[in-house]
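Peer 1: What follows is a single structure, and I will ask about it in a moment.
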Amino acid sequence: MNFKFFEGGTIIIKLICSDLDGTLLDDAGNLQVGFYDTIKMLNEKGITFVPASGRLYGTLNHTFSNSDFPLLFIAHNGALVQYSNDGKEIYKNTIEPSQVKKAVKVLKQLNLQIYLCTKTFAYVENPSKIMLSSFEKGDMPAVLVDNLEDSFSDIYRIGVYDPNKIKKSTLHQVKEMLGDEFEYMLGGEIWLDIMNKGVNKGNAIKKIQEKFSISKIETMVFGDYYNDISMLNAATYSYAMGNAPDDVKKHAKFITKSNNNNSVIKTILANC
């Protein structure tokens, strides 16, 4: 199906949201070619482009530091929706300190590598070198603490890291021990994110749609992994990347080429 953003002088698409890793970023971590020119063009036409990621808000500010106009970010898998550079906040959902403490205690029993994400950095306790290396690669600053079971506020998500991939049995065990009070998202093969119940990228998109009176049919999204499924379900024009798992692709209306083929930018330009 081919469509155009404009038809008879009317804007069809008003909101475009894209995941980063495995979607808008290539395997080397670079933004797709022509990104800033394309986003500037969309901005001039009144179309809002929103990077949507499990990454920290501070990391997103750094990633898009070359933008010459404010961008709206979905950070922490939907726990925060805010304009760049400490701009206006649209939505926020942090985990209560008592809930953080409860989760940390349980996760420690499973001998998992865990961390707590604030807006701009992650608290860690006795981190492995390989974990810190992955943090550095993902531009996630780490702050070392003596005990993650202490009381921490302003935590957007609790992270679990396994360099050997998060096993389905591990995810099942975590869910069984923590219960239905949390949302569980695989943000990649080695990352598991735990947020408040109801927090996900799709809900964050709905907050934006409500705020700016944008409908599902006026929304386009791009994603590649399990934490993008709720986002794919929040838009009529949903695109899964060619590199996405098959059970993620089935939630999308369209399949585009991989993140290494400049596919997000090419799809946008082909329809504008």
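Here, A, B, ... name the chains of the structure tokens in the order displayed, residue numbers run from 1 inside each chain, and ligands are numbered from 1 in the same displayed order.
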Could you give me the residues within range 5-75 of chain A that DSSP places in strand (DSSP E), as a VMD selection string?

Peer 2: chain A and resid 6 to 7 10 to 11 15 to 18 48 to 51 72 to 75

Peer 1: I'd like the neighbourhood of range 13-28 of chain A as a PyMOL selection string, where a residue qualifies if any of its atoms comes within 6 Å (using only C-alpha atoms), though same-chain residues fewer than 2 positions away should be ignored.

Peer 2: chain A and resi 5+11+30-31+47-53+218-223+259-260

Peer 1: Could you give me the residues within range 145-250 of chain A that DSSP places in alpha helix (DSSP H), as a ChimeraX atom specification?

Peer 2: /A:168-178,201-211,229-232,246-249

Peer 1: Go ahead and dump the residues you just picked, C-alpha atoms, as a JSON list (two decimals), in the first residue's frame.

Peer 2:
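Printed below is part_25.json as written:
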```json
[["chain", "number", "residue", "atom", "x", "y", "z"],
["A", 168, "LYS", "CA", 12.45, -17.08, 28.59],
["A", 169, "SER", "CA", 12.70, -19.03, 31.83],
["A", 170, "THR", "CA", 14.30, -16.01, 33.53],
["A", 171, "LEU", "CA", 11.53, -13.70, 32.31],
["A", 172, "HIS", "CA", 8.88, -16.18, 33.52],
["A", 173, "GLN", "CA", 10.56, -16.48, 36.92],
["A", 174, "VAL", "CA", 10.82, -12.70, 37.35],
["A", 175, "LYS", "CA", 7.14, -12.25, 36.45],
["A", 176, "GLU", "CA", 6.11, -15.04, 38.81],
["A", 177, "MET", "CA", 8.02, -13.58, 41.75],
["A", 178, "LEU", "CA", 7.16, -9.90, 41.21],
["A", 201, "LYS", "CA", 5.58, 2.97, 24.30],
["A", 202, "GLY", "CA", 2.05, 2.49, 23.01],
["A", 203, "ASN", "CA", 0.53, 4.18, 26.05],
["A", 204, "ALA", "CA", 3.03, 7.04, 25.67],
["A", 205, "ILE", "CA", 1.94, 7.50, 22.06],
["A", 206, "LYS", "CA", -1.68, 7.63, 23.21],
["A", 207, "LYS", "CA", -0.76, 10.39, 25.67],
["A", 208, "ILE", "CA", 0.72, 12.37, 22.77],
["A", 209, "GLN", "CA", -2.29, 11.65, 20.57],
["A", 210, "GLU", "CA", -4.64, 12.88, 23.29],
["A", 211, "LYS", "CA", -2.54, 15.97, 24.02],
["A", 229, "ILE", "CA", 4.64, -4.08, 19.93],
["A", 230, "SER", "CA", 2.41, -1.72, 21.94],
["A", 231, "MET", "CA", 3.66, 1.12, 19.74],
["A", 232, "LEU", "CA", 2.87, -0.79, 16.54],
["A", 246, "ASP", "CA", 8.64, -12.79, 13.10],
["A", 247, "ASP", "CA", 6.37, -12.60, 16.14],
["A", 248, "VAL", "CA", 6.96, -8.83, 16.23],
["A", 249, "LYS", "CA", 6.31, -8.45, 12.50]]
```

Peer 1: Quick one: everything within 12 Å of Ile130 in chain A, counting only C-alpha atoms, minus sequence neighbours fewer than 6 positions away in the same chain. Send it as a list of chain:residue names.

Peer 2: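 Here the answer would be A:Gln113, A:Glu136, A:Lys137, A:Tyr161, A:Asp162, A:Pro163, A:Asn164, A:Ile190.
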
Peer 1: Counting only C-alpha atoms, what is within 12 Å of Leu71 in chain A, bar same-chain residues fewer than 6 positions away, as an MDAnalysis selection string?

Peer 2: chainID A and resid 16:17 36 39:40 42:43 47:52 57 60:65 81:89

Peer 1: Name all residues at most 6 Å from Leu116 in chain A (count only C-alpha atoms; drop same-chain ones fewer than 4 positions away) and give them as a list of chain:residue names.

Peer 2: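 Result of the neighbour search: A:Ala122, A:Tyr123, A:Ile158.
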
Peer 1: What's the 8 Å shell around Gly159 in chain A, counting only C-alpha atoms, without same-chain residues fewer than 3 positions away, as a PyMOL selection string?

Peer 2: chain A and resi 114-117+191-194

Peer 1: Looking at A:His251, A:Met241, A:Asn233, A:Asp180, which one is nearest to Val264 in chain A, with distances taken over only C-alpha atoms?

Peer 2: A:Met241

Peer 1: Interatomic distance between CA of Tyr225 in chain A and CA of Ala244 in chain A?

Peer 2: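 CA of Ala244 in chain A lies 6.0 Å from CA of Tyr225 in chain A.
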
Peer 1: With distances taken over only C-alpha atoms, which residue among A:Gly179, A:Gly34, A:Pro245, A:Pro141 lies nearest Lys197 in chain A?

Peer 2: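 Checking each of A:Gly179, A:Gly34, A:Pro245, A:Pro141 against Lys197 in chain A, counting only C-alpha atoms, the winner is A:Gly179.
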